[in-house]
file model_16.cif (mmCIF, C-alpha atoms)
data_input
#
loop_
_atom_site.label_atom_id
_atom_site.label_comp_id
_atom_site.auth_asym_id
_atom_site.auth_seq_id
_atom_site.Cartn_x
_atom_site.Cartn_y
_atom_site.Cartn_z
CA MET J 1 30.44 99.48 11.86
CA GLY J 2 30.77 98.14 15.42
CA GLN J 3 27.80 95.92 14.73
CA ASP J 4 29.13 94.45 11.48
CA LYS J 5 30.14 90.81 11.78
CA ILE J 6 31.55 88.00 9.65
CA VAL J 7 29.96 84.69 10.60
CA GLY J 8 30.43 81.13 9.42
CA ALA J 9 27.82 78.40 9.19
CA ILE J 10 29.43 74.97 9.57
CA GLU J 11 27.68 71.67 8.92
CA ILE J 12 29.77 68.55 9.49
CA GLY J 13 27.70 65.90 7.75
CA THR J 14 28.26 62.20 7.27
CA SER J 15 29.37 62.58 3.65
CA LYS J 16 30.13 66.29 3.27
CA VAL J 17 31.36 69.31 5.25
CA ILE J 18 29.69 72.56 4.18
CA VAL J 19 30.86 76.02 5.24
CA LEU J 20 29.12 79.29 4.36
CA VAL J 21 30.56 82.70 5.17
CA ALA J 22 28.20 85.66 5.54
CA GLU J 23 28.47 89.32 6.42
CA ILE J 24 25.90 90.69 8.85
CA ILE J 25 25.70 94.46 8.57
CA GLY J 26 24.34 96.36 11.54
CA GLY J 27 21.99 93.52 12.42
CA LYS J 28 19.84 94.55 9.43
CA SER J 29 21.09 92.59 6.42
CA LEU J 30 22.80 89.27 5.75
CA ASN J 31 24.94 88.69 2.66
CA ILE J 32 26.60 85.38 1.78
CA ILE J 33 30.13 86.17 0.63
CA GLY J 34 31.88 82.80 0.61
CA GLU J 35 31.27 79.05 0.36
CA SER J 36 33.18 75.82 0.47
CA HIS J 37 32.55 72.13 0.85
CA ALA J 38 34.75 69.09 1.35
CA THR J 39 34.25 65.35 1.45
CA ALA J 40 33.70 64.31 5.05
CA SER J 41 35.95 61.72 6.63
CA GLY J 42 35.77 60.19 10.08
CA MET J 43 31.98 60.49 10.42
CA ARG J 44 29.36 57.77 10.79
CA LYS J 45 25.62 58.40 11.08
CA GLY J 46 26.22 62.01 12.12
CA GLN J 47 28.71 61.13 14.85
CA ILE J 48 32.47 61.67 14.98
CA ILE J 49 34.44 58.44 15.06
CA SER J 50 37.85 59.96 14.20
CA LEU J 51 38.46 63.44 15.58
CA ARG J 52 41.66 63.85 13.57
CA GLU J 53 40.07 62.99 10.22
CA VAL J 54 37.03 65.18 10.85
CA SER J 55 39.24 68.07 11.98
CA ASP J 56 41.38 67.84 8.85
CA CYS J 57 38.51 67.99 6.37
CA THR J 58 36.59 70.61 8.38
CA HIS J 59 39.58 72.91 8.78
CA LYS J 60 40.25 72.58 5.05
CA ALA J 61 36.68 73.59 4.23
CA ILE J 62 36.80 76.55 6.64
CA ALA J 63 40.09 77.80 5.19
CA GLU J 64 38.77 77.56 1.62
CA ALA J 65 35.54 79.34 2.56
CA GLU J 66 37.47 82.20 4.17
CA LYS J 67 39.70 82.40 1.10
CA SER J 68 36.71 82.57 -1.25
CA SER J 69 35.11 85.31 0.85
CA GLY J 70 38.29 87.33 1.35
CA ALA J 71 37.39 87.67 5.03
CA GLN J 72 38.10 85.97 8.32
CA ILE J 73 35.24 84.42 10.29
CA ASP J 74 34.57 86.19 13.60
CA SER J 75 32.26 83.55 15.03
CA ALA J 76 30.77 80.23 14.00
CA TYR J 77 27.33 78.66 14.02
CA LEU J 78 27.56 74.88 14.17
CA ALA J 79 24.96 72.23 13.27
CA ILE J 80 24.71 69.00 15.21
CA SER J 81 22.85 65.76 14.46
CA GLY J 82 23.13 62.10 15.37
CA ALA J 83 21.10 59.39 17.03
CA HIS J 84 22.38 60.49 20.46
CA LEU J 85 20.03 63.50 20.32
CA GLN J 86 16.80 63.02 22.26
CA GLY J 87 13.88 65.21 23.30
CA PHE J 88 11.03 65.35 25.78
CA TYR J 89 8.15 67.63 26.63
CA ASP J 90 7.74 69.25 30.04
CA SER J 91 5.45 72.03 31.26
CA GLY J 92 5.55 74.54 34.07
CA VAL J 93 2.65 76.16 35.91
CA ALA J 94 2.50 79.34 37.98
CA THR J 95 -0.40 80.87 39.89
CA VAL J 96 -1.00 84.53 39.02
CA SER J 97 0.40 86.42 41.99
CA SER J 98 -1.29 89.83 41.71
CA ALA J 99 -4.54 90.46 43.60
CA SER J 100 -6.05 91.92 40.41
CA GLY J 101 -5.39 88.67 38.52
CA ILE J 102 -3.30 90.44 35.88
CA VAL J 103 -0.47 88.26 34.55
CA THR J 104 2.99 89.78 34.96
CA GLU J 105 6.45 88.99 33.62
CA SER J 106 7.24 87.52 37.03
CA ASP J 107 4.45 84.95 36.63
CA ILE J 108 5.78 83.98 33.20
CA ARG J 109 9.31 83.67 34.56
CA ARG J 110 8.19 81.31 37.35
CA ALA J 111 6.27 79.14 34.87
CA ARG J 112 9.33 78.97 32.59
CA GLU J 113 11.61 78.04 35.49
CA ASN J 114 9.24 75.28 36.58
CA ALA J 115 9.23 73.85 33.05
CA LYS J 116 13.05 73.63 33.03
CA MET J 117 13.56 72.01 36.42
CA ARG J 118 14.20 68.43 35.30
CA ASN J 119 17.81 67.33 35.75
CA LEU J 120 19.43 65.23 33.04
CA PRO J 121 21.27 61.96 33.72
CA PRO J 122 25.07 62.15 33.98
CA GLY J 123 26.75 62.56 30.59
CA ARG J 124 23.81 64.39 28.99
CA VAL J 125 23.65 68.10 28.15
CA TYR J 126 20.81 70.38 27.08
CA LEU J 127 21.08 71.82 23.56
CA HIS J 128 17.70 73.54 23.13
CA HIS J 129 14.74 74.60 25.23
CA GLU J 130 12.05 75.32 22.64
CA CYS J 131 8.99 77.11 24.04
CA CYS J 132 5.73 75.52 22.84
CA GLY J 133 3.48 78.46 23.79
CA PHE J 134 1.27 79.48 26.71
CA LEU J 135 -2.03 78.49 28.28
CA LEU J 136 -4.01 80.87 30.48
CA ASP J 137 -6.62 79.04 32.52
CA GLY J 138 -6.52 76.26 29.94
CA ARG J 139 -6.90 78.37 26.79
CA ARG J 140 -4.03 78.98 24.37
CA VAL J 141 -2.80 82.58 24.16
CA ALA J 142 0.12 84.13 22.30
CA ASP J 143 1.26 86.38 25.16
CA PRO J 144 -0.53 86.24 28.52
CA VAL J 145 1.22 89.29 30.02
CA GLY J 146 -1.38 91.92 30.91
CA MET J 147 -4.30 89.51 30.60
CA VAL J 148 -6.50 88.48 33.53
CA GLY J 149 -6.45 84.90 34.82
CA GLU J 150 -5.66 82.58 37.68
CA LYS J 151 -3.13 80.12 36.29
CA VAL J 152 -0.52 80.45 33.51
CA GLU J 153 1.17 77.43 31.95
CA THR J 154 4.02 77.10 29.46
CA GLY J 155 5.46 74.02 27.79
CA TYR J 156 8.91 73.28 26.39
CA TRP J 157 10.34 70.73 24.02
CA HIS J 158 13.76 70.01 25.54
CA ILE J 159 16.50 68.61 23.27
CA HIS J 160 19.58 67.05 24.86
CA GLY J 161 22.58 65.10 23.62
CA ASP J 162 25.58 63.12 24.69
CA GLU J 163 27.98 65.49 26.42
CA ARG J 164 31.14 63.91 24.99
CA LEU J 165 29.86 63.69 21.41
CA THR J 166 28.62 67.29 21.58
CA ALA J 167 31.98 68.45 22.92
CA ASP J 168 33.76 66.66 20.06
CA HIS J 169 31.93 68.80 17.49
CA ILE J 170 32.90 71.98 19.32
CA HIS J 171 36.53 70.87 19.65
CA VAL J 172 36.75 70.40 15.87
CA VAL J 173 35.90 74.05 15.26
CA ASN J 174 37.91 75.32 18.25
CA GLY J 175 40.93 73.51 16.82
CA ILE J 176 41.27 76.11 14.07
CA GLY J 177 40.91 79.01 16.50
CA LEU J 178 37.20 79.68 16.00
CA ASN J 179 34.67 80.10 18.79
CA VAL J 180 31.28 78.43 18.43
CA ASP J 181 28.75 81.15 19.21
CA CYS J 182 25.76 78.91 18.71
CA MET J 183 25.11 75.20 18.23
CA VAL J 184 21.83 74.36 16.49
CA VAL J 185 20.19 70.97 16.04
CA SER J 186 20.12 70.23 12.30
CA ALA J 187 16.36 69.64 12.23
CA ILE J 188 15.70 73.13 13.61
CA ALA J 189 18.21 74.75 11.26
CA SER J 190 16.72 73.12 8.16
CA ALA J 191 13.14 73.88 9.19
CA SER J 192 13.93 77.56 9.72
CA VAL J 193 14.36 78.02 5.96
CA ALA J 194 12.30 75.12 4.58
CA ALA J 195 8.96 76.06 6.17
CA GLY J 196 7.24 79.46 6.30
CA ASP J 197 5.71 81.11 9.35
CA GLU J 198 2.15 80.40 8.21
CA GLU J 199 2.93 76.73 7.63
CA LYS J 200 4.47 76.44 11.09
CA LYS J 201 1.41 78.10 12.56
CA ASN J 202 -1.01 75.71 10.86
CA GLY J 203 1.08 72.58 11.37
CA VAL J 204 3.90 71.21 9.23
CA LEU J 205 6.50 68.42 9.33
CA VAL J 206 9.97 69.12 7.91
CA ILE J 207 12.13 66.07 7.13
CA ASP J 208 15.81 66.54 6.24
CA ILE J 209 17.21 63.36 4.67
CA GLY J 210 20.99 63.41 4.70
CA ALA J 211 23.59 60.78 3.89
CA GLY J 212 23.81 59.14 7.33
CA THR J 213 20.82 60.44 9.28
CA THR J 214 17.35 61.86 8.80
CA ASP J 215 16.33 64.79 11.01
CA TYR J 216 12.75 65.95 11.43
CA ALA J 217 10.91 68.79 13.16
CA LEU J 218 7.17 69.00 13.70
CA TYR J 219 5.61 72.46 14.12
CA ARG J 220 2.20 73.59 15.28
CA PHE J 221 0.90 76.96 16.52
CA GLY J 222 4.15 78.47 15.21
CA THR J 223 6.35 76.55 17.65
CA ILE J 224 8.21 73.25 17.72
CA LEU J 225 6.13 70.33 18.92
CA ARG J 226 8.56 67.46 18.33
CA THR J 227 12.00 66.79 16.87
CA GLY J 228 13.84 63.56 16.19
CA VAL J 229 16.72 61.83 14.45
CA VAL J 230 16.51 58.54 12.53
CA PRO J 231 19.90 56.85 11.88
CA ILE J 232 19.01 56.13 8.24
CA GLY J 233 19.93 58.19 5.19
CA GLY J 234 21.02 58.09 1.57
CA ASP J 235 24.14 56.03 2.32
CA HIS J 236 21.92 53.19 3.51
CA VAL J 237 20.18 53.13 0.13
CA THR J 238 23.58 52.94 -1.56
CA ASN J 239 24.68 50.11 0.73
CA ASP J 240 21.48 48.17 0.06
CA LEU J 241 22.05 48.46 -3.70
CA ALA J 242 25.66 47.35 -3.33
CA ILE J 243 24.64 44.22 -1.42
CA GLY J 244 21.47 43.43 -3.35
CA LEU J 245 22.98 43.89 -6.81
CA ARG J 246 26.50 42.68 -5.95
CA MET J 247 28.52 45.75 -6.83
CA ASN J 248 30.95 48.05 -5.08
CA ALA J 249 29.77 51.20 -3.29
CA ARG J 250 31.02 53.55 -6.01
CA TYR J 251 28.91 51.86 -8.70
CA ALA J 252 25.96 51.56 -6.30
CA GLU J 253 26.01 55.31 -5.65
CA SER J 254 26.07 55.97 -9.39
CA VAL J 255 23.13 53.61 -9.96
CA LYS J 256 21.17 55.30 -7.18
CA LEU J 257 21.74 58.77 -8.60
CA ARG J 258 20.98 57.73 -12.21
CA PHE J 259 18.09 55.33 -11.78
CA GLY J 260 16.84 55.39 -8.18
CA LYS J 261 13.17 56.16 -7.46
CA GLY J 262 11.20 56.54 -4.27
CA VAL J 263 8.32 54.36 -5.53
CA LEU J 264 7.82 51.12 -7.42
CA ASP J 265 7.23 51.79 -11.10
CA ILE J 266 5.36 49.04 -12.98
CA THR J 267 6.53 50.48 -16.29
CA ASP J 268 10.06 49.34 -15.36
CA LYS J 269 8.97 45.68 -15.21
CA ASN J 270 10.88 44.56 -18.30
CA ASP J 271 13.48 47.34 -18.58
CA THR J 272 17.20 46.94 -17.95
CA VAL J 273 19.96 49.51 -17.50
CA MET J 274 23.72 49.19 -17.79
CA LEU J 275 25.79 49.23 -14.61
CA ILE J 276 28.51 51.50 -15.99
CA GLY J 277 27.10 52.50 -19.37
CA ASP J 278 30.29 52.43 -21.42
CA LEU J 279 30.32 48.71 -22.38
CA THR J 280 33.75 48.22 -20.78
CA ILE J 281 34.83 45.15 -18.84
CA GLY J 282 32.56 44.73 -15.85
CA ASP J 283 29.62 46.55 -17.41
CA ARG J 284 26.44 44.49 -17.26
CA PRO J 285 22.67 44.89 -17.52
CA ILE J 286 20.59 45.35 -14.34
CA PRO J 287 16.80 45.03 -14.14
CA ARG J 288 15.28 48.41 -13.29
CA LEU J 289 12.61 46.71 -11.24
CA ALA J 290 15.31 45.28 -8.96
CA ILE J 291 16.67 48.79 -8.38
CA ASP J 292 13.17 50.13 -7.70
CA LYS J 293 12.42 47.41 -5.15
CA ILE J 294 15.63 47.96 -3.18
CA VAL J 295 15.38 51.75 -3.10
CA HIS J 296 11.66 51.79 -2.33
CA ALA J 297 12.03 49.30 0.53
CA ARG J 298 14.58 51.48 2.36
CA ILE J 299 12.74 54.76 1.73
CA GLU J 300 9.47 53.21 2.89
CA GLU J 301 11.17 51.94 6.05
CA LEU J 302 12.55 55.42 6.76
CA PHE J 303 9.18 57.13 6.54
CA MET J 304 7.53 54.34 8.54
CA ILE J 305 9.97 54.91 11.40
CA VAL J 306 9.18 58.65 11.37
CA LYS J 307 5.46 57.85 11.35
CA ASN J 308 5.76 55.46 14.29
CA GLN J 309 7.83 57.92 16.32
CA LEU J 310 5.33 60.75 15.82
CA GLY J 311 2.29 58.57 16.46
CA SER J 312 -0.92 60.53 17.02
CA ASP J 313 0.88 63.85 16.49
CA LEU J 314 0.95 63.09 12.77
CA GLY J 315 -2.16 63.26 10.63
CA PRO J 316 -4.08 65.53 8.23
CA GLN J 317 -5.84 67.29 11.11
CA ASN J 318 -2.55 68.00 12.93
CA VAL J 319 -0.35 68.69 9.89
CA PRO J 320 -2.61 70.51 7.39
CA SER J 321 0.42 72.09 5.71
CA GLY J 322 1.78 68.63 4.98
CA VAL J 323 5.36 67.39 4.82
CA ILE J 324 8.33 69.33 3.44
CA LEU J 325 11.35 67.28 2.34
CA THR J 326 14.87 68.62 2.14
CA GLY J 327 18.45 67.31 2.34
CA GLY J 328 20.51 65.69 -0.41
CA THR J 329 18.48 62.46 -0.59
CA ALA J 330 15.31 64.52 -1.16
CA ARG J 331 16.49 64.81 -4.78
CA LEU J 332 15.49 61.18 -5.33
CA PRO J 333 12.71 61.16 -7.96
CA HIS J 334 9.20 60.44 -6.63
CA ILE J 335 10.33 60.54 -3.01
CA CYS J 336 7.47 62.92 -2.23
CA ASP J 337 5.04 60.28 -3.51
CA ALA J 338 6.60 57.74 -1.16
CA ALA J 339 6.34 60.14 1.78
CA GLN J 340 2.70 60.89 1.05
CA GLU J 341 1.86 57.21 0.70
CA VAL J 342 3.38 56.25 4.07
CA LEU J 343 2.71 59.36 6.16
CA GLY J 344 -0.79 59.99 4.85
CA VAL J 345 -0.37 63.73 4.26
CA PRO J 346 0.67 65.76 1.18
CA ALA J 347 4.42 66.10 0.66
CA ARG J 348 6.54 68.51 -1.36
CA LEU J 349 10.17 69.55 -1.78
CA ALA J 350 11.42 72.58 0.12
CA ASP J 351 11.79 75.87 -1.74
CA SER J 352 14.99 77.88 -1.50
CA PRO J 353 14.94 81.00 0.71
CA GLN J 354 14.22 84.17 -1.25
CA TRP J 355 17.27 85.90 0.23
CA VAL J 356 19.63 83.37 -1.40
CA SER J 357 20.62 84.55 -4.89
CA ASP J 358 23.39 82.05 -5.73
CA PRO J 359 21.76 79.19 -7.71
CA GLN J 360 24.48 76.79 -6.51
CA LEU J 361 23.15 77.19 -2.97
CA CYS J 362 19.50 76.73 -3.96
CA VAL J 363 19.62 72.95 -3.59
CA PRO J 364 18.39 70.71 -0.75
CA GLU J 365 21.93 69.90 0.45
CA TYR J 366 22.38 73.46 1.71
CA SER J 367 19.21 73.74 3.80
CA THR J 368 20.94 73.12 7.13
CA ALA J 369 23.82 75.54 6.49
CA LEU J 370 21.44 78.24 5.24
CA GLY J 371 19.26 77.60 8.28
CA LEU J 372 22.26 78.15 10.55
CA LEU J 373 22.76 81.58 9.02
CA SER J 374 19.05 82.35 9.36
CA GLU J 375 19.00 81.31 13.02
CA GLY J 376 22.20 83.19 13.78
CA PHE J 377 20.98 86.32 12.02
CA ALA J 378 17.72 86.26 13.97
CA THR J 379 19.62 85.89 17.25
CA LEU J 380 21.99 88.76 16.45
CA ARG J 381 19.16 91.00 15.30
CA ALA J 382 17.28 90.33 18.54
CA SER J 383 20.36 91.17 20.61
CA TYR J 384 20.89 94.40 18.66
CA ARG J 385 17.27 95.40 19.23
CA GLU J 386 17.54 94.63 22.93
CA ALA J 387 20.72 96.67 23.21
CA ALA J 388 19.13 99.58 21.33
CA SER J 389 16.07 99.40 23.57
CA LYS J 390 18.19 99.53 26.71
CA LYS J 391 20.16 102.46 25.30
CA TRP J 392 16.94 104.31 24.47
CA TYR J 393 15.52 103.59 27.94
CA SER J 394 18.75 104.80 29.55
CA ARG J 395 18.60 108.08 27.59
CA LEU J 396 14.92 108.54 28.43
CA SER J 397 15.58 107.90 32.11
CA GLY J 398 18.36 110.46 31.98
CA ILE J 399 16.06 113.08 30.46
CA PHE J 400 13.38 112.56 33.11
CA GLY J 401 16.04 112.48 35.80
CA LYS J 402 17.28 115.87 34.76
#
call {"tool": "encode", "arguments": {"input": "model_16.cif", "output": "structure tokens"}}
result
Amino acid sequence: MGQDKIVGAIEIGTSKVIVLVAEIIGGKSLNIIGESHATASGMRKGQIISLREVSDCTHKAIAEAEKSSGAQIDSAYLAISGAHLQGFYDSGVATVSSASGIVTESDIRRARENAKMRNLPPGRVYLHHECCGFLLDGRRVADPVGMVGEKVETGYWHIHGDERLTADHIHVVNGIGLNVDCMVVSAIASASVAAGDEEKKNGVLVIDIGAGTTDYALYRFGTILRTGVVPIGGDHVTNDLAIGLRMNARYAESVKLRFGKGVLDITDKNDTVMLIGDLTIGDRPIPRLAIDKIVHARIEELFMIVKNQLGSDLGPQNVPSGVILTGGTARLPHICDAAQEVLGVPARLADSPQWVSDPQLCVPEYSTALGLLSEGFATLRASYREAASKKWYSRLSGIFGK
């Protein structure tokens, strides 16, 4: 029972705050026991612009999630996004030190340290150091320890963010008396449940389209190759409709959800739809083709930005498993067709994790929160295994000592 833990996954999005409560039993099983969500306030494009407003809605969501679970959260896993997040690749090299040429853990450690030596500018803080694998004398290997060679190399994708903006997210959760055990970049959290191990090994791009931002993670050889954040999301589509069709944001959001499509549809050329649909004052007909053009233009721009940022890393030969879309805006009809048209690789919607039984959670909006639980569970399980291994080694040493 000492290893049982109640954890909370907290995603503070631009439009919604989502909190999941789960029970981790002995580092062996994870059960979701509570859930809550609240309308976000004080956020813009994934960044906090009013700490008080964000704290109020987040604390409300946490309290309701704990109430629904009947348990108190021991520790929290927090997602972070925003255009302030940046990444770069750096590698480290170490010469094999043993006379026999056998690679040791010490050689690996020196290569890792060399890859993490770059200092960040003032005001920036590291969030992730994602290992991109190993090369032994120029050839890729899964684990070079014990193999014979002269030079071992390892690469890392380093993700860093604005120190103040990162601290603001932590302060929101700390304000209710919770400690943040782990902060995970949203792209990594979403990808952990949206893409399978085999897809990550072959090469896959996961794109999470939220309300204010779009996060993406590119995998190859089972490791992260690139991540990024585009400050465009579903709210921008709504705003474009509001301006282009001269309506308020509430009606524009309704039009987007009812009639929006990711592609231009020639069958809509002569069709019209009603703004409200109840023939009350203010209701009026709108050409469907006008809606299609506005929505398609913004979605096409979004995928074009992702394509330009990835450059030569994107292509059928590098991403044979294609593109996986998730996030609330991924519900837009035909958005996969738009992604495939622009990015040049097959696209599909993400499937829900098999370990999630609640149908209300099996929707794209919950990918990041579910990914937080998956990442946290994997970390705890690894720590339990390490502790058990040390305990076993200590007992074994004691036996031989006697």
call {"tool": "closest_atom_pairs", "arguments": {"input": "model_16.cif", "of": "segment 312-352 of chain J", "to": "segment 227-237 of chain J", "cutoff": "10 Å", "atoms": "only C-alpha atoms", "output": "tab-separated table"}}
result
residue	atom	partner	partner_atom	distance
J:Gly327	CA	J:Gly234	CA	9.6
J:Gly328	CA	J:Gly234	CA	7.9
J:Thr329	CA	J:Gly234	CA	5.5
J:Ala330	CA	J:Gly234	CA	9.0
J:Leu332	CA	J:Gly234	CA	9.4
call {"tool": "closest_atom_pairs", "arguments": {"input": "model_16.cif", "of": "segment 4-58 of chain J", "to": "segment 363-376 of chain J", "cutoff": "7 Å", "atoms": "all atoms listed in the file", "output": "JSON lines"}}
result
{"residue": "J:Ala9", "atom": "CA", "partner": "J:Ala369", "partner_atom": "CA", "distance": 5.6}
{"residue": "J:Ile10", "atom": "CA", "partner": "J:Ala369", "partner_atom": "CA", "distance": 6.4}
{"residue": "J:Glu11", "atom": "CA", "partner": "J:Ala369", "partner_atom": "CA", "distance": 6.0}
{"residue": "J:Ile18", "atom": "CA", "partner": "J:Ala369", "partner_atom": "CA", "distance": 7.0}
{"residue": "J:Leu20", "atom": "CA", "partner": "J:Ala369", "partner_atom": "CA", "distance": 6.8}
call {"tool": "closest_residue", "arguments": {"input": "model_16.cif", "among": "J:Gly262, J:Gly175, J:Gly101, J:Gly133", "to": "Met147 of chain J", "atoms": "only C-alpha atoms"}}
result
J:Gly101
call {"tool": "residues_around", "arguments": {"input": "model_16.cif", "residues": "Thr267 of chain J", "least_positions_apart": "6", "cutoff": "12 Å", "atoms": "only C-alpha atoms", "output": "ChimeraX atom specification"}}
result
/J:287-289,292
call {"tool": "closest_residue", "arguments": {"input": "model_16.cif", "among": "J:Glu300, J:Asp358, J:Asp313, J:Glu66", "to": "Val342 of chain J", "atoms": "only C-alpha atoms"}}
result
J:Glu300
call {"tool": "closest_residue", "arguments": {"input": "model_16.cif", "among": "J:Phe259, J:Asp208, J:Ser192, J:Ala297", "to": "Asp240 of chain J", "atoms": "all atoms listed in the file"}}
result
J:Ala297
call {"tool": "axis_aligned_box", "arguments": {"input": "model_16.cif", "around": "segment 117-120 of chain J", "padding_each_side": "8 Å", "output": "JSON"}}
result
{"center_x": 16.5, "center_y": 68.6, "center_z": 34.7, "size_x": 21.9, "size_y": 22.8, "size_z": 19.4}
